[in-house]
$ cat upload-v2.txt   # compact mmCIF, C-alpha atoms
# COMPACT_ATOMS: atom_id res chain seq x y z
CA MET A 73 95.09 173.01 108.00
CA THR A 74 92.56 170.62 109.55
CA GLY A 75 94.66 170.13 112.69
CA LEU A 76 95.25 173.87 112.98
CA ALA A 77 91.52 174.50 112.60
CA VAL A 78 90.76 172.00 115.40
CA VAL A 79 93.28 173.64 117.76
CA LEU A 80 92.04 177.17 117.02
CA GLY A 81 88.42 176.06 117.38
CA CYS A 82 89.16 174.59 120.82
CA MET A 83 90.88 177.81 121.86
CA LEU A 84 87.92 179.84 120.62
CA GLY A 85 85.48 177.64 122.53
CA VAL A 86 87.47 177.93 125.77
CA GLY A 87 87.62 181.70 125.34
CA LEU A 88 83.89 181.99 124.75
CA TRP A 89 83.21 179.82 127.82
CA SER A 90 85.48 182.01 129.94
CA VAL A 91 83.67 185.14 128.76
CA ALA A 92 80.27 183.57 129.36
CA ALA A 93 81.26 182.57 132.91
CA VAL A 94 81.69 186.25 133.81
CA VAL A 95 77.95 186.77 133.41
CA PRO A 96 76.42 186.57 136.94
CA ARG A 97 73.63 184.18 135.99
CA VAL A 98 76.06 181.68 134.41
CA GLY A 99 78.81 182.11 137.00
CA ALA A 100 76.50 181.92 140.05
CA ARG A 101 77.56 179.74 142.96
CA ARG A 102 75.90 176.39 143.36
CA LEU A 103 73.73 175.51 146.35
CA SER A 104 76.36 173.15 147.76
CA GLU A 105 78.98 175.91 147.69
CA ARG A 106 76.63 178.35 149.44
CA ILE A 107 75.78 176.06 152.35
CA ALA A 108 79.26 174.50 152.70
CA PRO A 109 80.61 177.15 155.17
CA TYR A 110 77.85 176.20 157.63
CA LEU A 111 78.70 172.47 157.54
CA LEU A 112 82.45 172.58 158.12
CA ASP A 113 82.22 170.81 161.49
CA VAL A 114 80.29 167.80 160.24
CA SER A 115 81.19 167.34 156.57
CA GLU A 116 84.55 166.57 154.96
CA GLU A 117 83.16 167.46 151.52
CA ALA A 118 82.19 170.91 152.81
CA ARG A 119 85.75 171.49 154.01
CA GLN A 120 87.10 170.47 150.61
CA LEU A 121 84.72 172.85 148.85
CA THR A 122 85.62 175.85 151.01
CA GLU A 123 89.38 175.44 151.09
CA ARG A 124 91.33 177.62 148.66
CA ARG A 125 92.75 175.78 145.66
CA VAL A 126 95.99 177.53 144.87
CA SER A 127 96.81 174.98 142.18
CA ASP A 128 94.02 176.18 139.91
CA PRO A 129 95.64 178.61 137.45
CA LEU A 130 92.34 179.76 135.99
CA PRO A 131 89.47 179.99 138.51
CA VAL A 132 86.91 180.51 135.74
CA LEU A 133 87.91 177.36 133.90
CA GLY A 134 88.16 175.51 137.20
CA ARG A 135 84.60 176.50 138.07
CA LEU A 136 83.32 175.52 134.64
CA LEU A 137 85.12 172.21 134.46
CA SER A 138 84.75 171.17 138.12
CA PRO A 139 81.75 168.83 137.52
CA VAL A 140 83.53 167.11 134.63
CA VAL A 141 86.78 166.86 136.58
CA GLY A 142 84.92 165.48 139.60
CA ARG A 143 83.34 162.70 137.54
CA ALA A 144 86.69 161.94 135.92
CA VAL A 145 88.37 161.76 139.34
CA ARG A 146 85.76 159.32 140.64
CA ALA A 147 86.08 157.19 137.50
CA LEU A 148 89.88 157.19 137.76
CA SER A 149 89.77 156.22 141.43
CA ALA A 150 87.37 153.38 140.65
CA LEU A 151 89.53 152.25 137.73
CA LEU A 152 92.95 152.41 139.37
CA GLY A 153 92.02 151.90 143.02
CA GLY A 154 94.80 151.85 145.59
CA ASN A 155 93.79 155.05 147.37
CA VAL A 156 95.31 153.72 150.59
CA SER A 157 98.63 153.15 148.84
CA VAL A 158 98.49 156.61 147.26
CA GLU A 159 97.84 158.18 150.65
CA LYS A 160 100.83 156.31 152.08
CA TRP A 161 103.08 157.43 149.19
CA LEU A 162 101.95 161.04 149.59
CA ALA A 163 102.87 160.96 153.28
CA GLN A 164 106.22 159.33 152.54
CA ALA A 165 106.97 161.87 149.81
CA GLY A 166 106.21 164.73 152.20
CA TRP A 167 103.57 166.26 149.93
CA SER A 168 100.74 168.28 151.42
CA LEU A 169 98.24 166.93 148.88
CA ASN A 170 95.49 164.51 149.75
CA VAL A 171 94.33 161.64 147.56
CA GLN A 172 91.56 163.71 145.96
CA GLN A 173 93.95 166.50 144.94
CA PHE A 174 96.43 164.00 143.56
CA ARG A 175 93.71 162.36 141.47
CA VAL A 176 92.74 165.81 140.16
CA ARG A 177 96.32 166.33 139.05
CA GLN A 178 96.28 162.97 137.31
CA VAL A 179 93.07 163.88 135.50
CA LEU A 180 94.49 167.22 134.40
CA LEU A 181 97.67 165.57 133.16
CA GLY A 182 95.55 163.00 131.33
CA GLY A 183 93.59 165.81 129.67
CA ALA A 184 96.83 167.51 128.64
CA GLY A 185 98.00 164.17 127.28
CA ILE A 186 94.83 163.84 125.23
CA VAL A 187 95.41 167.30 123.72
CA ALA A 188 99.07 166.57 122.93
CA GLY A 189 98.19 163.12 121.62
CA SER A 190 95.49 164.59 119.39
CA ALA A 191 98.03 166.95 117.86
CA LEU A 192 100.38 164.03 117.23
CA GLY A 193 97.47 161.97 115.93
CA VAL A 194 96.67 164.62 113.33
CA VAL A 195 100.28 164.49 112.19
CA PHE A 196 100.21 160.69 111.92
CA ALA A 197 96.87 160.76 110.11
CA GLN A 198 98.18 163.23 107.56
CA ASN A 199 101.20 160.94 106.97
CA GLY A 200 98.99 158.00 106.11
CA ARG A 201 98.79 156.28 109.51
CA PRO A 202 95.18 156.63 110.63
CA MET A 203 95.27 153.84 113.25
CA ALA A 204 98.27 155.40 114.97
CA GLY A 205 96.50 158.76 114.86
CA VAL A 206 93.43 157.30 116.59
CA ALA A 207 95.44 155.46 119.27
CA MET A 208 97.88 158.29 119.99
CA PRO A 209 95.59 160.43 122.30
CA PHE A 210 94.70 157.44 124.49
CA ALA A 211 98.32 156.26 124.65
CA VAL A 212 99.68 159.68 125.64
CA ALA A 213 96.91 160.19 128.22
CA ALA A 214 97.54 156.75 129.77
CA ALA A 215 101.28 157.45 129.83
CA ALA A 216 100.67 160.78 131.59
CA VAL A 217 98.43 159.22 134.26
CA VAL A 218 100.76 156.28 134.90
CA GLY A 219 103.82 158.56 134.82
CA CYS A 220 102.34 160.74 137.58
CA ASP A 221 101.84 157.62 139.71
CA VAL A 222 105.37 156.36 139.03
CA TYR A 223 106.85 159.78 139.81
CA LEU A 224 105.07 159.84 143.17
CA ARG A 225 106.31 156.34 143.99
CA ARG A 226 109.91 157.26 143.17
CA ARG A 227 109.74 160.46 145.19
CA ALA A 228 108.39 158.51 148.17
CA ALA A 229 111.07 155.81 147.90
CA SER A 230 113.82 158.41 147.53
CA ARG A 231 112.66 160.36 150.58
CA VAL A 232 112.36 157.22 152.70
CA THR A 233 115.92 156.31 151.70
CA ARG A 234 117.20 159.75 152.73
CA ILE A 235 115.37 159.48 156.05
CA SER A 236 116.88 156.03 156.67
CA GLU A 237 120.33 157.50 156.09
CA GLU A 238 119.63 160.27 158.62
CA VAL A 239 118.26 157.94 161.33
CA PRO A 240 121.65 156.95 162.91
CA THR A 241 122.82 160.56 163.24
CA VAL A 242 119.51 161.69 164.76
CA LEU A 243 119.43 158.78 167.21
CA GLU A 244 122.98 159.48 168.35
CA PHE A 245 122.15 163.16 168.84
CA LEU A 246 119.06 162.18 170.84
CA SER A 247 121.12 159.88 173.04
CA LEU A 248 123.67 162.66 173.68
CA SER A 249 120.92 165.12 174.59
CA LEU A 250 119.27 162.63 176.95
CA SER A 251 122.61 161.77 178.54
CA ALA A 252 123.16 165.49 179.14
CA GLY A 253 119.96 165.63 181.20
CA GLU A 254 117.38 166.88 178.70
CA GLY A 255 113.94 165.38 178.38
CA ILE A 256 112.74 163.57 175.30
CA VAL A 257 110.53 166.49 174.19
CA ASP A 258 113.33 169.03 174.67
CA ALA A 259 115.72 166.80 172.69
CA LEU A 260 113.19 166.54 169.87
CA ARG A 261 112.80 170.33 169.88
CA ARG A 262 116.55 170.75 169.61
CA ILE A 263 116.67 168.41 166.60
CA ALA A 264 113.78 170.23 164.95
CA ARG A 265 115.49 173.58 165.53
CA ILE A 266 119.00 172.80 164.28
CA GLY A 267 118.26 169.97 161.85
CA SER A 268 118.01 170.48 158.10
CA GLY A 269 117.17 167.04 156.73
CA GLU A 270 113.96 165.24 155.90
CA LEU A 271 113.80 163.56 159.28
CA SER A 272 113.89 166.98 160.97
CA VAL A 273 110.72 167.88 159.05
CA GLU A 274 109.00 164.77 160.41
CA VAL A 275 110.22 165.63 163.92
CA ARG A 276 108.61 169.08 163.58
CA LEU A 277 105.31 167.45 162.63
CA THR A 278 105.66 165.14 165.63
CA LEU A 279 106.20 168.15 167.91
CA VAL A 280 103.04 169.72 166.50
CA ASP A 281 101.11 166.60 167.54
CA ILE A 282 102.73 166.65 170.99
CA SER A 283 101.85 170.34 171.42
CA ALA A 284 98.24 169.47 170.53
CA GLY A 285 98.09 167.06 173.48
CA VAL A 286 99.03 163.76 171.85
CA PRO A 287 101.21 161.55 174.09
CA VAL A 288 104.87 161.34 173.10
CA ALA A 289 104.78 157.60 172.43
CA VAL A 290 101.68 157.90 170.22
CA ALA A 291 103.14 160.86 168.29
CA LEU A 292 106.38 158.97 167.64
CA THR A 293 104.42 155.92 166.50
CA ARG A 294 102.44 158.09 164.08
CA CYS A 295 105.68 159.53 162.73
CA ALA A 296 107.15 156.07 162.15
CA ALA A 297 103.94 154.87 160.47
CA ARG A 298 103.85 157.99 158.27
CA VAL A 299 107.46 157.58 157.11
CA GLY A 300 107.57 153.81 156.74
CA SER A 301 111.33 153.44 157.31
CA PRO A 302 112.19 150.06 158.91
CA SER A 303 115.08 151.47 160.98
CA LEU A 304 112.97 154.35 162.30
CA THR A 305 110.05 152.03 163.09
CA ARG A 306 112.32 149.68 165.01
CA ALA A 307 113.89 152.54 166.94
CA VAL A 308 110.48 153.99 167.87
CA GLU A 309 109.26 150.60 169.08
CA GLN A 310 112.33 150.21 171.29
CA MET A 311 111.87 153.76 172.62
CA ARG A 312 108.24 153.03 173.50
CA ALA A 313 109.24 149.83 175.30
CA ALA A 314 111.95 151.69 177.21
CA MET A 315 109.54 154.46 178.24
CA GLU A 316 106.92 151.94 179.36
CA HIS A 317 109.38 149.89 181.45
CA GLY A 318 111.42 152.81 182.75
CA SER A 319 114.66 151.73 181.08
CA PRO A 320 117.36 154.30 180.15
CA ILE A 321 116.43 155.56 176.70
CA ALA A 322 119.92 156.87 175.88
CA GLN A 323 121.45 153.37 175.84
CA VAL A 324 118.60 152.07 173.72
CA LEU A 325 119.09 154.89 171.22
CA ARG A 326 122.83 154.25 170.95
CA ALA A 327 122.20 150.58 170.26
CA GLN A 328 119.55 151.41 167.66
CA ALA A 329 121.90 153.91 165.99
CA GLN A 330 124.55 151.21 165.63
CA ASP A 331 121.96 148.79 164.24
CA ALA A 332 120.81 151.44 161.73
CA ARG A 333 124.40 151.96 160.56
CA ASP A 334 124.83 148.21 160.12
CA ASP A 335 121.61 148.11 158.08
CA LEU A 336 122.90 150.91 155.85
CA LYS A 337 126.18 149.05 155.25
CA ARG A 338 124.27 145.87 154.46
CA SER A 339 121.95 147.69 152.04
CA LEU A 340 124.95 149.25 150.27
CA LEU A 341 126.57 145.84 149.82
CA GLU A 342 123.29 144.41 148.50
CA ALA A 343 122.91 147.31 146.05
CA ALA A 344 126.49 146.81 144.85
CA GLY A 345 125.79 143.12 144.31
CA ARG A 346 122.63 143.85 142.31
CA LYS A 347 124.39 146.44 140.15
CA GLU A 348 127.53 144.41 139.51
CA VAL A 349 126.61 143.81 135.87
CA ALA A 350 125.64 147.46 135.37
CA MET A 351 129.02 148.52 136.78
CA LEU A 352 130.73 146.49 134.04
CA VAL A 353 129.01 148.48 131.26
CA PRO A 354 131.34 151.54 131.36
CA LEU A 355 134.33 149.21 131.72
CA VAL A 356 133.43 147.07 128.71
CA LEU A 357 131.97 149.77 126.46
CA LEU A 358 134.24 152.73 127.27
CA ILE A 359 137.48 151.92 129.06
CA LEU A 360 138.30 148.64 127.27
CA PRO A 361 137.82 149.99 123.70
CA LEU A 362 139.94 153.06 124.53
CA SER A 363 142.71 150.86 125.93
CA ILE A 364 142.70 148.71 122.80
CA ALA A 365 142.68 151.80 120.59
CA PHE A 366 145.65 153.34 122.42
CA ALA A 367 147.52 150.02 122.14
CA LEU A 368 146.88 149.30 118.44
CA LEU A 369 146.55 152.67 116.69
CA PRO A 370 150.22 153.75 117.07
CA GLY A 371 151.41 150.43 115.58
CA ILE A 372 148.95 150.69 112.68
CA PHE A 373 150.08 154.26 112.01
CA VAL A 374 153.76 153.21 111.97
CA LEU A 375 153.05 150.31 109.61
CA ARG A 376 151.17 152.55 107.22
CA ALA A 377 153.92 155.18 107.31
CA GLY A 378 156.62 152.54 106.65
CA PHE A 379 154.92 151.12 103.60

$ encode --input "upload-v2.txt" --output "structure tokens"
Amino acid sequence: MTGLAVVLGCMLGVGLWSVAAVVPRVGARRLSERIAPYLLDVSEEARQLTERRVSDPLPVLGRLLSPVVGRAVRALSALLGGNVSVEKWLAQAGWSLNVQQFRVRQVLLGGAGIVAGSALGVVFAQNGRPMAGVAMPFAVAAAAVVGCDVYLRRRAASRVTRISEEVPTVLEFLSLSLSAGEGIVDALRRIARIGSGELSVEVRLTLVDISAGVPVAVALTRCAARVGSPSLTRAVEQMRAAMEHGSPIAQVLRAQAQDARDDLKRSLLEAAGRKEVAMLVPLVLLILPLSIAFALLPGIFVLRAGF
């Protein structure tokens, strides 16, 4: 009953806060929010304040808890650090979030972990384990925060792997388009139009930069830096060198496509070598016992039936 009373009390408090926020005096906009639209050209914080947050499910609660969440985000950033690495992983994963929004998600997941851990802690405390009940909220919150970071890292690594697998096909298509007489920008547009992979998404972003006036070589370099794939970075560097020296880009792209395929074959062989022991697990634990069972069970059955 104590745990149920705590949960219901928290729900009652959140409800009363939500009702109180409807009152104009309590729910009035802060001074920073009122002057932010006039400082969009000179302040990044003003742009963050004015942009619409579609991830907030409850605007009232978001407005009430924004100061607390802001302090928690700053504390988490100071504690974990690595904002540059997080920004790189977000770009590699293809997420539209920035570092601040990702930290907000981590804080919210940590808060949800504290609530879930408190419920589990009440259960442990009632079963005679008070120390586990005290440590459970912090453990679940830390697991939620670290799990969000690990999930982002895995998504980024998985997307970079998919892009590396698409690089040879895209380079060969580029070389064919250039050999047919198209320009580099027209060939990129064709890939962005008919492509359906992750690399096609990055090509579309590169075309947006080119349409905004960025030189082709600089836009391709930004794309390679954003993705972080070694094969794509090497191909872009060779393309830039060919464009600067006036060399035929189609031949360079064909050579880079073959090198990318060789890298994929080499990476597959390395992965097979690392997972050689793991590949023996189904053989030893599943196939071998079944083979022994099929070999011995009929004989044992015959012996038992004969005697």

$ residues_near_point --input "upload-v2.txt" --point "(125.1, 150.2, 161.2)" --cutoff "12 Å" --atoms "only C-alpha atoms" --output "ChimeraX atom specification"
/A:236-241,243-244,303,326-340

$ atom_distance --input "upload-v2.txt" --atom1 "CA of Ala259 (chain A)" --atom2 "CA of Gly166 (chain A)"
22.7 Å

$ residues_around --input "upload-v2.txt" --residues "Arg261 (chain A)" --least-positions-apart "5" --cutoff "10 Å" --atoms "only C-alpha atoms" --output "number ranges by chain"
A: 255-256, 266-267, 272, 275-276, 278-279

$ closest_atom_pairs --input "upload-v2.txt" --of "region 159-233 of chain A" --to "region 79-83 of chain A" --cutoff "10 Å" --atoms "only C-alpha atoms" --output "tab-separated table"
residue	atom	partner	partner_atom	distance
A:Val187	CA	A:Val79	CA	9.0
A:Ser190	CA	A:Val79	CA	9.5
A:Ala191	CA	A:Val79	CA	8.2

$ residues_around --input "upload-v2.txt" --residues "Val290 (chain A)" --least-positions-apart "6" --cutoff "12 Å" --atoms "all atoms listed in the file" --output "VMD selection string"
chain A and resid 278 to 279 281 to 282 296 to 297 308 to 309 311 to 312 315

$ atom_distance --input "upload-v2.txt" --atom1 "CA of Ser230 (chain A)" --atom2 "CA of Val212 (chain A)"
26.1 Å

$ residues_around --input "upload-v2.txt" --residues "Pro109 (chain A)" --least-positions-apart "2" --cutoff "10 Å" --atoms "only C-alpha atoms" --output "number ranges by chain"
A: 104-107, 111-113, 115, 118-119, 121-123

$ closest_residue --input "upload-v2.txt" --among "A:Leu103, A:Asn170, A:Ala365, A:Ala165" --to "Gln120 (chain A)" --atoms "all atoms listed in the file"
A:Asn170

$ closest_residue --input "upload-v2.txt" --among "A:Val299, A:Ile263, A:Leu192, A:Ala252" --to "Ala322 (chain A)" --atoms "all atoms listed in the file"
A:Ala252

$ atom_distance --input "upload-v2.txt" --atom1 "CA of Glu316 (chain A)" --atom2 "CA of Ser247 (chain A)"
17.5 Å

$ closest_residue --input "upload-v2.txt" --among "A:Leu224, A:Leu277, A:Val195, A:Val179" --to "Val158 (chain A)" --atoms "all atoms listed in the file"
A:Leu224

$ closest_residue --input "upload-v2.txt" --among "A:Leu180, A:Ile235, A:Leu246, A:Leu84" --to "Thr305 (chain A)" --atoms "only C-alpha atoms"
A:Ile235
